[in-house]
Amino acid sequence: MAIQTFHLSKSFGNYRIFEDLSFEIPTGECFALFGSNGAGKTTLLRILATLVRPTSGSFTVLGHDGVTEKESVRQVTMFLAHGSHLYDDLDAQENLRFAMAMRGQYPSHRALKVALDQVSLGAFSDMKTRNFSAGMKRRLALAKVILAQPQVLLLDEPYNALDEGGVQVTNQIIREVTQRAGMVFMTTHDREKAHLVAHRTGLLNRGLLTFSHTDQHPAHDIS
Amino acid sequence: MAIQTFHLSKSFGNYRIFEDLSFEIPTGECFALFGSNGAGKTTLLRILATLVRPTSGSFTVLGHDGVTEKESVRQVTMFLAHGSHLYDDLDAQENLRFAMAMRGQYPSHRALKVALDQVSLGAFSDMKTRNFSAGMKRRLALAKVILAQPQVLLLDEPYNALDEGGVQVTNQIIREVTQRAGMVFMTTHDREKAHLVAHRTGLLNRGLLTFSHTDQHPAHDIS
Amino acid sequence: MTFLRVIQWVVWKDLISEMRSRETLSSMLFFALIVILVFSFSFAMDQDAAQQLIAGIIWVSFAFTGIIGLGKSFSAELQNDALEYLQMSPTPKGAIYLGKMLGNLLFMLVVEVMLFPLFVLFFNLNIVEEIGLLLLIFLLATLGLSAVGTLFSALTVQIRAREVMLPVLLLPLAIPVMIAAVESTRGALNAQPLTLYFHWIELLTIFDVIFTVVSFWLFELILDS
Amino acid sequence: MTFLRVIQWVVWKDLISEMRSRETLSSMLFFALIVILVFSFSFAMDQDAAQQLIAGIIWVSFAFTGIIGLGKSFSAELQNDALEYLQMSPTPKGAIYLGKMLGNLLFMLVVEVMLFPLFVLFFNLNIVEEIGLLLLIFLLATLGLSAVGTLFSALTVQIRAREVMLPVLLLPLAIPVMIAAVESTRGALNAQPLTLYFHWIELLTIFDVIFTVVSFWLFELILDS
Amino acid sequence: MMNRIIRRIQRFKGWFGAAAAFCIFYGLYLGLFDSPPDYYQGEVVRIMYVHVPLAHTSLMAYASLFLGSLWYLWKRDPLVDNMCQAAAGLTVIFTALSLITGAIWAKPTWNTWWTWDPKLISFAILLLIASGYLMLRTFVEDPDKEGRYAAVLAIVGGIDLPIIYFSAEWWRSLHQPLSISMRGVSMTGDILLPLSIMSLGLNLLFLYMLMVRTQMLYLTNLLQAKKGRLLSQVHLTQTSS
Ligand code: HEM
Ligand SMILES: Nc1ncnc2c1ncn2[C@@H]1O[C@H](COP(=O)(O)OP(=O)(O)OP(=O)(O)O)[C@@H](O)[C@H]1O
Ligand SMILES: Nc1ncnc2c1ncn2[C@@H]1O[C@H](COP(=O)(O)OP(=O)(O)OP(=O)(O)O)[C@@H](O)[C@H]1O
Ligand SMILES: [Mg+2]
Ligand SMILES: [Mg+2]
């Protein structure tokens, strides 16, 4: 199992978001989570990314406990959040190199170029990211995933602000992760786009999570 | 005509975003602008909202010049940008009241309640907006449009972060504006959702704007 | 009249936010406390010099504390791009200026009134007889500071390095106000006859009028595109 | 070794950003300039007192200037939520701390070295013989400030009212550094025999060691969930 | 486990209160009526019987804050966090009171409200740190971080305080512009007994208040959790409609 949760619950102070969530997502699967505004999708992702501690319950990522073995979880996980995590005064390439260095990876100049080309930012590799448009920042974040090749990929509304080309690149990256037995967990409101890649979808509603399958077939058998 | 532009162009420094844009959008129409990431859609909207001055060219909104008669333009225009324009320490209702007061409108308590209910935030009217989720903030911004009843509505990626209910509310508001002979100008990457309401769409590409019609029929005849 | 109502609403919004978060006032107070401690510490060995300089010390503290409050005034408008909304609303921009300015004036005066007893305590000032006059001086000088300060707060909030650019731009311009405030405060504290320092109070009034009018007029340019 | 490389990259990132924007250094310098002007202004009437207090004035200026730099250090990590990325990366957090701390130390030292000649100029100091010793004192005291300061910068950047909470929390804790720095600087400036103020230098060293270790250890808790 | 210990102690808090009341009344009686006036200072010296025990108690309060913070970082028990918050509030109160009584004492004896004695410096800074601690807690948005950040501050402050004291003492011994010594009173048995009893009494009072306040904070949080659950219910029905 790529992710397993056990009776996960989260409240902010005294405000309960969800309670007693137990589910598992096998490797090789892309899972898309839907849910109305304020349902707690982002909060769940942030817990899985070890950014927020669950109020109670526990979870494992590729067998590592999410609370006690954070470092191992972080080693295999990557989370693309709403923020693009860019430094405005560095250029696109420098941003990528720094982000990779923080994961202990040191990609070659060529690898950087390939990744930037893949997200169609090749022409902007020496431009400060300060004035990148909303979509260009998202694309640069995608380039990080291409370089880092994480085994577990968490995406919060990945299609936001992306044009059609961007959506295609995203879906291609997702397929690539699942094909090498990785796992993708995304939240989105865009069912059509998600259905193109997700093997399973879930709905978070009143703190309950219900699952359904899509037409896609998991890249690998569920072990 | 609701909006008319004459040879509008904009560059940042020596970086040319678009040049010599001339187009017009009649009242009663909803116009959706597509374009790849970094095409300049947001920049165009910000010019029409009088937030940015065009490098050259001019435009009119309901006959008022966009550069010399800014105040008249602002009177009839409303722009929902990426930011939600909320004060985190005020609650939902207070935020609405302040925003309306800044437009010279003083809605009654009942009107506020109706607007909040319409965007399904009725239960949160006394909650500080600080911890609203991404979609809840967007919904609150929509409530402003319901209250202000602007004649010209500019929307930058309005479907971002909204769930299905939110999308429906948005489209309903758009229809309502066009039906009372207002005009809506939105940018989005989501063609499906836009096609549900837009009478015309445009594509901004390499600084050129091309138009096409959709199945929708304008609420009012083009005058 | 719309103009007055906009002023009202801007002040109302700032007061409500402040009541909820108590952020501005408490940071101003605490910062002032520390400034006072640093000063009284560094003058501990030299009580006479301190007595000499007390009016200057008071106003340096008030100015720095005020800058904290002024800085927060417009950086609060940056949350969720709220400033953008004010810029593109059909609100008379001058009314926004006056509203923000009054709010700042209020916060600064509250802090000053709370701090003054501490100065009396730490520097062993004699209890002041002309407390009414002193309050008038505080009011006039603070009005001057907040008139220019609000303008510069709006200006610096839209540029980089804003926390620093505000004092950097404001302090040099505020020098006349500072000198007049220090001189008249010194006069009042030492119970000198009013005629000896009345011209400083006149100067303060003139500054207030000029600065308010000029800032009111320039503010529109700053908020505009 | 990964640990050292992370330190390197963090320092590299901060230096590159600074070279591009020159924001931190220029704001620190400008702010310091104004503080110095205000001081030299308010002591203009009393040259003797100024000579007496010069070491204190130097360190009050350095401390406030340093706080500007420290505050920027982590608020730069807030752009586009970059801090979030550091938090959820498998980077050793201690290495991030050391990287940020070294960057801050560097910026503060650069500014101090640029400002010191101004003090010599403005306050008519005799050219110092023991310049090497003075630089050592600057280094040790600045190290102490940036050790605790980096920790508190990371802490306050994630709360409200951060520009104010940093000095409010940091200054009281920095008192030993300040006293020791002032006393040893005074000693060096007055060309006293080293034995008279050597214990202050020792105190600085001890403070540096203790607080680098403690902050290194506590930093993880602040970045963690 | 921790919870159980604290809960058990809580049950006896009435005893602490009673013992504290007894010690304080007895100590006050001894100090105010039974002990002789000071040879130099006369009756003014009696304020010492409040001032010195107050100072001791504030040190005790900060010590519990320091240890509690270490404990919290180790176990992450919210109850311990509540205790730290309570201890910080009490530190502020007792430190402020000891400074105020000291100032009242100083005016007739030293003819000034305030002077830069190392002990006074340290206590003033203690007050700053403790109120900074409370301020920090109100400024943290994220309830998850509140306890942790506050604990970090308390620990750094706890390590720093002795250093502050020593550096202030060295500094003072260097300058000594005011030849005032705190030891203006000779400690004879007549003084020591009421002083120790008052100290004991105030420390017990501190423990009693700590328990009450901890319990109060704990219950408030519990109550808000209940209220929050109701709110969540409303919220969940709302968003799914
Ligand atoms: C502003 C005025 C004063 C303040 C803020 C102040 C503060 C303090 C503090 C914080 C302590 C605690 C030290 C400890 O527990 O070890 C203390 C202890 C003491 N204070 Fe004061 N004090 C003041 C004035 C005085 C005066 C005027 C006297 C008597 C002449 C005095 C006599 C003492 C004595 C005898 C102790 C007992 C402990 C000792 O020194 O060993 N204090 N004071
Ligand atoms: N202030 C600025 N200074 C310099 N360049 C800018 C500035 N603002 C935007 N740009 C550049 O202008 C171009 C258009 O940006 P804009 O935000 O309008 O794109 P967009 O069409 O909205 O893209 P997206 O779909 O990604 O939101 C981008 O290449 C961007 O880098
Ligand atoms: N730090 C916080 N403190 C208190 N409440 C919070 C906090 N963060 C989120 N919430 C609340 O938790 C709920 C869930 O928020 P979350 O951001 O997870 O929603 P979401 O499912 O991602 O919604 P959206 O689709 O709008 O992005 C919201 O009601 C929000 O108000
Ligand atoms: Mg979300
Ligand atoms: Mg855009």
# chains A, B, ... in the order shown; residues from 1 in each chain; ligands from 1

$ residues_near_ligand --ligand "ligand 3" --cutoff "7 Å" --atoms "only C-alpha atoms and all ligand atoms" --output "list of chain:residue names"
A:Phe12, A:Tyr15, A:Ile17, A:Gly35, A:Ser36, A:Asn37, A:Gly38, A:Ala39, A:Gly40, A:Lys41, A:Thr42, A:Thr43, A:Leu44, B:Asn131, B:Phe132, B:Ser133, B:Ala134, B:Gly135, B:Met136, B:Ala161, B:Leu162, B:Asp163, E:Glu141, E:Asp142

$ select_by_dssp --residues "range 4-80 of chain A" --states "alpha helix (DSSP H)" --output "list in words"
Lys41, Thr42, Thr43, Leu44, Leu45, Arg46, Ile47, Leu48, Lys70, Glu71, Ser72, Val73, Arg74, Gln75 and Val76 of chain A

$ write_last_selection --atoms "N, CA, C and O atoms" --output "compact mmCIF listing (two decimals), in the first residue's frame"
# COMPACT_ATOMS: atom_id res chain seq x y z
N LYS A 41 -10.53 18.92 1.96
CA LYS A 41 -9.61 18.23 1.06
C LYS A 41 -8.19 18.71 1.24
O LYS A 41 -7.26 17.92 1.40
N THR A 42 -8.03 20.05 1.21
CA THR A 42 -6.69 20.59 1.37
C THR A 42 -6.09 20.16 2.71
O THR A 42 -4.92 19.80 2.80
N THR A 43 -6.92 20.20 3.74
CA THR A 43 -6.44 19.80 5.06
C THR A 43 -5.94 18.36 5.05
O THR A 43 -4.86 18.07 5.61
N LEU A 44 -6.67 17.48 4.41
CA LEU A 44 -6.25 16.07 4.34
C LEU A 44 -4.90 15.96 3.62
O LEU A 44 -4.00 15.25 4.09
N LEU A 45 -4.77 16.65 2.52
CA LEU A 45 -3.50 16.61 1.78
C LEU A 45 -2.34 17.12 2.63
O LEU A 45 -1.25 16.55 2.61
N ARG A 46 -2.59 18.18 3.35
CA ARG A 46 -1.52 18.75 4.17
C ARG A 46 -1.10 17.79 5.28
O ARG A 46 0.05 17.77 5.68
N ILE A 47 -2.05 17.03 5.77
CA ILE A 47 -1.69 16.02 6.76
C ILE A 47 -0.81 14.95 6.13
O ILE A 47 0.24 14.59 6.67
N LEU A 48 -1.21 14.48 4.94
CA LEU A 48 -0.43 13.43 4.29
C LEU A 48 0.95 13.93 3.91
O LEU A 48 1.91 13.16 3.85
N LYS A 70 8.69 11.01 10.02
CA LYS A 70 8.43 12.04 9.02
C LYS A 70 9.50 12.10 7.94
O LYS A 70 9.18 12.24 6.77
N GLU A 71 10.77 12.00 8.35
CA GLU A 71 11.83 12.19 7.36
C GLU A 71 11.72 11.17 6.24
O GLU A 71 11.89 11.51 5.07
N SER A 72 11.44 9.92 6.58
CA SER A 72 11.34 8.90 5.53
C SER A 72 10.16 9.20 4.63
O SER A 72 10.21 9.01 3.42
N VAL A 73 9.04 9.64 5.24
CA VAL A 73 7.88 9.97 4.43
C VAL A 73 8.22 11.09 3.47
O VAL A 73 7.91 11.03 2.28
N ARG A 74 8.91 12.11 3.98
CA ARG A 74 9.23 13.25 3.13
C ARG A 74 10.15 12.87 1.99
O ARG A 74 10.10 13.46 0.91
N GLN A 75 11.01 11.88 2.25
CA GLN A 75 11.95 11.44 1.22
C GLN A 75 11.21 10.96 -0.03
O GLN A 75 11.68 11.16 -1.14
N VAL A 76 10.08 10.32 0.15
CA VAL A 76 9.41 9.71 -1.01
C VAL A 76 8.23 10.52 -1.52
O VAL A 76 7.64 10.20 -2.54

$ interface_residues --of "chain D" --to "chain E" --cutoff "6 Å" --atoms "only C-alpha atoms" --output "ChimeraX atom specification"
/D:159-160,176

$ residues_around --residues "range 148-155 of chain B" --least-positions-apart "6" --cutoff "8 Å" --atoms "only C-alpha atoms" --output "PyMOL selection string"
chain B and resi 2+45+49+76-81+100+103+105+177+181-187

$ write_last_selection --atoms "all heavy atoms" --output "CSV table (one decimal), in the first residue's frame"
chain,number,residue,atom,x,y,z
B,2,ALA,N,-20.9,48.0,-24.6
B,2,ALA,CA,-20.5,48.0,-23.2
B,2,ALA,C,-19.0,48.3,-23.1
B,2,ALA,O,-18.6,49.2,-22.3
B,2,ALA,CB,-20.8,46.7,-22.5
B,45,LEU,N,-7.6,42.3,-18.4
B,45,LEU,CA,-8.6,42.5,-17.5
B,45,LEU,C,-8.3,43.7,-16.5
B,45,LEU,O,-9.1,44.5,-16.2
B,45,LEU,CB,-8.9,41.3,-16.6
B,45,LEU,CG,-9.9,40.3,-17.2
B,45,LEU,CD1,-10.2,39.2,-16.1
B,45,LEU,CD2,-11.2,41.0,-17.5
B,49,ALA,N,-10.2,47.1,-15.8
B,49,ALA,CA,-10.7,47.5,-14.5
B,49,ALA,C,-10.1,48.8,-14.0
B,49,ALA,O,-10.2,49.1,-12.8
B,49,ALA,CB,-10.4,46.3,-13.5
B,76,VAL,N,-19.6,51.7,-12.7
B,76,VAL,CA,-20.4,50.7,-13.3
B,76,VAL,C,-19.7,49.3,-13.4
B,76,VAL,O,-20.4,48.3,-13.8
B,76,VAL,CB,-20.8,51.1,-14.7
B,76,VAL,CG1,-21.7,52.3,-14.7
B,76,VAL,CG2,-19.6,51.4,-15.6
B,77,THR,N,-18.5,49.3,-13.0
B,77,THR,CA,-17.7,48.1,-13.2
B,77,THR,C,-17.4,47.3,-11.9
B,77,THR,O,-17.3,47.9,-10.8
B,77,THR,CB,-16.3,48.4,-13.9
B,77,THR,OG1,-16.5,49.2,-15.0
B,77,THR,CG2,-15.6,47.2,-14.3
B,78,MET,N,-17.3,46.0,-12.0
B,78,MET,CA,-16.8,45.3,-10.8
B,78,MET,C,-15.9,44.2,-11.4
B,78,MET,O,-16.2,43.5,-12.4
B,78,MET,CB,-18.0,44.6,-10.1
B,78,MET,CG,-17.6,44.0,-8.8
B,78,MET,SD,-19.0,44.0,-7.6
B,78,MET,CE,-18.1,43.8,-6.1
B,79,PHE,N,-14.8,44.0,-10.6
B,79,PHE,CA,-13.8,43.0,-11.1
B,79,PHE,C,-13.5,42.0,-10.0
B,79,PHE,O,-13.1,42.4,-8.9
B,79,PHE,CB,-12.5,43.8,-11.5
B,79,PHE,CG,-11.3,43.0,-11.8
B,79,PHE,CD1,-11.4,41.8,-12.5
B,79,PHE,CD2,-10.0,43.4,-11.4
B,79,PHE,CE1,-10.3,41.0,-12.8
B,79,PHE,CE2,-8.9,42.7,-11.7
B,79,PHE,CZ,-9.0,41.5,-12.4
B,80,LEU,N,-13.7,40.7,-10.3
B,80,LEU,CA,-13.3,39.7,-9.3
B,80,LEU,C,-11.9,39.1,-9.8
B,80,LEU,O,-11.9,38.5,-10.8
B,80,LEU,CB,-14.3,38.6,-9.2
B,80,LEU,CG,-15.7,38.9,-8.7
B,80,LEU,CD1,-16.4,37.6,-8.3
B,80,LEU,CD2,-15.7,39.9,-7.5
B,81,ALA,N,-10.9,39.4,-9.0
B,81,ALA,CA,-9.6,39.0,-9.3
B,81,ALA,C,-9.2,37.7,-8.6
B,81,ALA,O,-10.0,37.1,-8.0
B,81,ALA,CB,-8.6,40.1,-9.0
B,100,MET,N,-19.5,47.0,0.1
B,100,MET,CA,-20.6,47.8,-0.5
B,100,MET,C,-20.5,49.3,-0.2
B,100,MET,O,-20.7,50.1,-1.1
B,100,MET,CB,-21.9,47.2,0.0
B,100,MET,CG,-22.3,45.9,-0.6
B,100,MET,SD,-22.2,45.9,-2.4
B,100,MET,CE,-20.7,45.0,-2.7
B,103,ARG,N,-18.5,51.2,-2.4
B,103,ARG,CA,-19.2,51.5,-3.7
B,103,ARG,C,-20.4,52.4,-3.6
B,103,ARG,O,-21.1,52.6,-4.5
B,103,ARG,CB,-19.6,50.2,-4.4
B,103,ARG,CG,-18.5,49.2,-4.7
B,103,ARG,CD,-19.1,48.0,-5.5
B,103,ARG,NE,-19.7,48.4,-6.7
B,103,ARG,CZ,-19.0,48.5,-7.9
B,103,ARG,NH1,-17.7,48.2,-7.9
B,103,ARG,NH2,-19.6,48.8,-9.0
B,105,GLN,N,-22.9,51.9,-1.6
B,105,GLN,CA,-24.2,51.2,-1.4
B,105,GLN,C,-24.3,50.7,0.0
B,105,GLN,O,-23.3,50.4,0.7
B,105,GLN,CB,-24.3,50.0,-2.3
B,105,GLN,CG,-24.4,50.4,-3.8
B,105,GLN,CD,-24.2,49.2,-4.7
B,105,GLN,OE1,-23.2,48.5,-4.6
B,105,GLN,NE2,-25.0,49.1,-5.7
B,177,VAL,N,-26.8,39.0,-14.8
B,177,VAL,CA,-26.2,40.3,-15.3
B,177,VAL,C,-26.5,40.5,-16.8
B,177,VAL,O,-26.9,41.6,-17.1
B,177,VAL,CB,-24.6,40.3,-15.1
B,177,VAL,CG1,-24.0,41.5,-15.7
B,177,VAL,CG2,-24.3,40.2,-13.6
B,181,ALA,N,-29.3,43.4,-19.2
B,181,ALA,CA,-28.5,44.3,-20.2
B,181,ALA,C,-27.1,44.7,-19.7
B,181,ALA,O,-26.6,45.7,-20.1
B,181,ALA,CB,-29.3,45.5,-20.6
B,182,GLY,N,-26.6,43.9,-18.7
B,182,GLY,CA,-25.2,44.1,-18.3
B,182,GLY,C,-24.3,43.4,-19.2
B,182,GLY,O,-24.7,42.8,-20.2
B,183,MET,N,-23.0,43.4,-18.9
B,183,MET,CA,-22.0,42.7,-19.7
B,183,MET,C,-21.1,41.9,-18.8
B,183,MET,O,-20.7,42.4,-17.8
B,183,MET,CB,-21.2,43.7,-20.6
B,183,MET,CG,-20.4,43.0,-21.6
B,183,MET,SD,-18.7,43.7,-21.7
B,183,MET,CE,-18.1,43.3,-20.1
B,184,VAL,N,-20.7,40.8,-19.2
B,184,VAL,CA,-19.7,40.0,-18.5
B,184,VAL,C,-18.5,39.7,-19.4
B,184,VAL,O,-18.7,39.2,-20.5
B,184,VAL,CB,-20.3,38.7,-17.9
B,184,VAL,CG1,-19.3,37.9,-17.1
B,184,VAL,CG2,-21.5,39.0,-17.1
B,185,PHE,N,-17.3,39.9,-18.8
B,185,PHE,CA,-16.1,39.6,-19.5
B,185,PHE,C,-15.3,38.7,-18.6
B,185,PHE,O,-14.9,39.1,-17.5
B,185,PHE,CB,-15.3,40.9,-19.8
B,185,PHE,CG,-14.1,40.8,-20.7
B,185,PHE,CD1,-13.8,41.6,-21.7
B,185,PHE,CD2,-13.2,39.8,-20.4
B,185,PHE,CE1,-12.7,41.5,-22.5
B,185,PHE,CE2,-12.0,39.7,-21.2
B,185,PHE,CZ,-11.8,40.5,-22.3
B,186,MET,N,-15.1,37.4,-19.0
B,186,MET,CA,-14.3,36.6,-18.1
B,186,MET,C,-13.2,35.9,-18.9
B,186,MET,O,-13.2,35.7,-20.1
B,186,MET,CB,-15.2,35.5,-17.5
B,186,MET,CG,-15.7,34.5,-18.5
B,186,MET,SD,-16.3,33.0,-17.6
B,186,MET,CE,-17.8,32.6,-18.4
B,187,THR,N,-12.1,35.6,-18.1
B,187,THR,CA,-11.1,34.7,-18.7
B,187,THR,C,-11.2,33.4,-18.0
B,187,THR,O,-11.6,33.3,-16.8
B,187,THR,CB,-9.7,35.3,-18.4
B,187,THR,OG1,-9.4,35.0,-17.0
B,187,THR,CG2,-9.6,36.8,-18.6

$ closest_residue --among "E:Met60, E:Pro143, E:Ala154, E:Tyr218" --to "chain A" --atoms "only C-alpha atoms"
E:Pro143

$ atom_distance --atom1 "atom 2 (C, counted along the ligand's line) of ligand 1" --atom2 "CA of Trp114 in chain E"
5.3 Å

$ decode --residues "range 71-96 of chain C" --atoms "N, CA and C atoms" --output "mmCIF file, in the first residue's frame"
data_model
loop_
_atom_site.group_PDB
_atom_site.id
_atom_site.type_symbol
_atom_site.label_atom_id
_atom_site.label_comp_id
_atom_site.auth_asym_id
_atom_site.auth_seq_id
_atom_site.Cartn_x
_atom_site.Cartn_y
_atom_site.Cartn_z
ATOM 1 N N GLY C 71 2.935 51.800 9.576
ATOM 2 C CA GLY C 71 3.296 50.710 8.681
ATOM 3 C C GLY C 71 2.196 49.666 8.619
ATOM 4 N N LYS C 72 1.653 49.335 9.802
ATOM 5 C CA LYS C 72 0.615 48.306 9.828
ATOM 6 C C LYS C 72 -0.642 48.789 9.127
ATOM 7 N N SER C 73 -0.874 50.100 9.181
ATOM 8 C CA SER C 73 -2.124 50.626 8.666
ATOM 9 C C SER C 73 -2.377 50.178 7.240
ATOM 10 N N PHE C 74 -1.401 50.341 6.358
ATOM 11 C CA PHE C 74 -1.647 49.932 4.978
ATOM 12 C C PHE C 74 -1.214 48.518 4.683
ATOM 13 N N SER C 75 -0.288 47.960 5.483
ATOM 14 C CA SER C 75 0.054 46.577 5.159
ATOM 15 C C SER C 75 -1.144 45.686 5.483
ATOM 16 N N ALA C 76 -2.046 46.158 6.352
ATOM 17 C CA ALA C 76 -3.271 45.397 6.585
ATOM 18 C C ALA C 76 -4.132 45.355 5.334
ATOM 19 N N GLU C 77 -3.958 46.337 4.453
ATOM 20 C CA GLU C 77 -4.761 46.355 3.231
ATOM 21 C C GLU C 77 -4.206 45.398 2.176
ATOM 22 N N LEU C 78 -3.039 44.819 2.468
ATOM 23 C CA LEU C 78 -2.463 43.910 1.475
ATOM 24 C C LEU C 78 -3.058 42.516 1.548
ATOM 25 N N GLN C 79 -3.645 42.164 2.715
ATOM 26 C CA GLN C 79 -4.204 40.821 2.832
ATOM 27 C C GLN C 79 -5.250 40.614 1.742
ATOM 28 N N ASN C 80 -5.137 39.514 1.050
ATOM 29 C CA ASN C 80 -6.064 39.174 -0.032
ATOM 30 C C ASN C 80 -6.196 40.301 -1.061
ATOM 31 N N ASP C 81 -5.157 41.053 -1.261
ATOM 32 C CA ASP C 81 -5.176 42.154 -2.243
ATOM 33 C C ASP C 81 -6.276 43.172 -2.002
ATOM 34 N N ALA C 82 -6.675 43.385 -0.765
ATOM 35 C CA ALA C 82 -7.807 44.265 -0.500
ATOM 36 C C ALA C 82 -7.581 45.669 -1.050
ATOM 37 N N LEU C 83 -6.314 46.111 -1.070
ATOM 38 C CA LEU C 83 -6.019 47.446 -1.565
ATOM 39 C C LEU C 83 -6.494 47.619 -3.005
ATOM 40 N N GLU C 84 -6.314 46.546 -3.794
ATOM 41 C CA GLU C 84 -6.768 46.545 -5.175
ATOM 42 C C GLU C 84 -8.250 46.923 -5.259
ATOM 43 N N TYR C 85 -9.024 46.391 -4.327
ATOM 44 C CA TYR C 85 -10.462 46.676 -4.348
ATOM 45 C C TYR C 85 -10.719 48.166 -4.121
ATOM 46 N N LEU C 86 -9.983 48.731 -3.141
ATOM 47 C CA LEU C 86 -10.150 50.169 -2.891
ATOM 48 C C LEU C 86 -9.751 50.969 -4.120
ATOM 49 N N GLN C 87 -8.686 50.524 -4.789
ATOM 50 C CA GLN C 87 -8.209 51.273 -5.950
ATOM 51 C C GLN C 87 -9.225 51.298 -7.070
ATOM 52 N N MET C 88 -9.924 50.178 -7.268
ATOM 53 C CA MET C 88 -10.807 50.136 -8.427
ATOM 54 C C MET C 88 -12.252 50.398 -8.070
ATOM 55 N N SER C 89 -12.513 50.808 -6.799
ATOM 56 C CA SER C 89 -13.875 51.178 -6.428
ATOM 57 C C SER C 89 -14.105 52.648 -6.749
ATOM 58 N N PRO C 90 -15.351 53.016 -6.927
ATOM 59 C CA PRO C 90 -15.640 54.435 -7.212
ATOM 60 C C PRO C 90 -15.639 55.294 -5.958
ATOM 61 N N THR C 91 -14.922 54.843 -4.917
ATOM 62 C CA THR C 91 -14.863 55.610 -3.679
ATOM 63 C C THR C 91 -14.028 56.870 -3.881
ATOM 64 N N PRO C 92 -14.456 58.006 -3.346
ATOM 65 C CA PRO C 92 -13.549 59.165 -3.384
ATOM 66 C C PRO C 92 -12.287 58.840 -2.600
ATOM 67 N N LYS C 93 -11.138 58.896 -3.259
ATOM 68 C CA LYS C 93 -9.899 58.454 -2.626
ATOM 69 C C LYS C 93 -9.527 59.346 -1.445
ATOM 70 N N GLY C 94 -9.896 60.625 -1.537
ATOM 71 C CA GLY C 94 -9.598 61.519 -0.421
ATOM 72 C C GLY C 94 -10.284 61.071 0.858
ATOM 73 N N ALA C 95 -11.487 60.522 0.721
ATOM 74 C CA ALA C 95 -12.198 60.051 1.912
ATOM 75 C C ALA C 95 -11.472 58.869 2.532
ATOM 76 N N ILE C 96 -10.945 58.011 1.655
ATOM 77 C CA ILE C 96 -10.170 56.880 2.188
ATOM 78 C C ILE C 96 -8.970 57.405 2.946
#
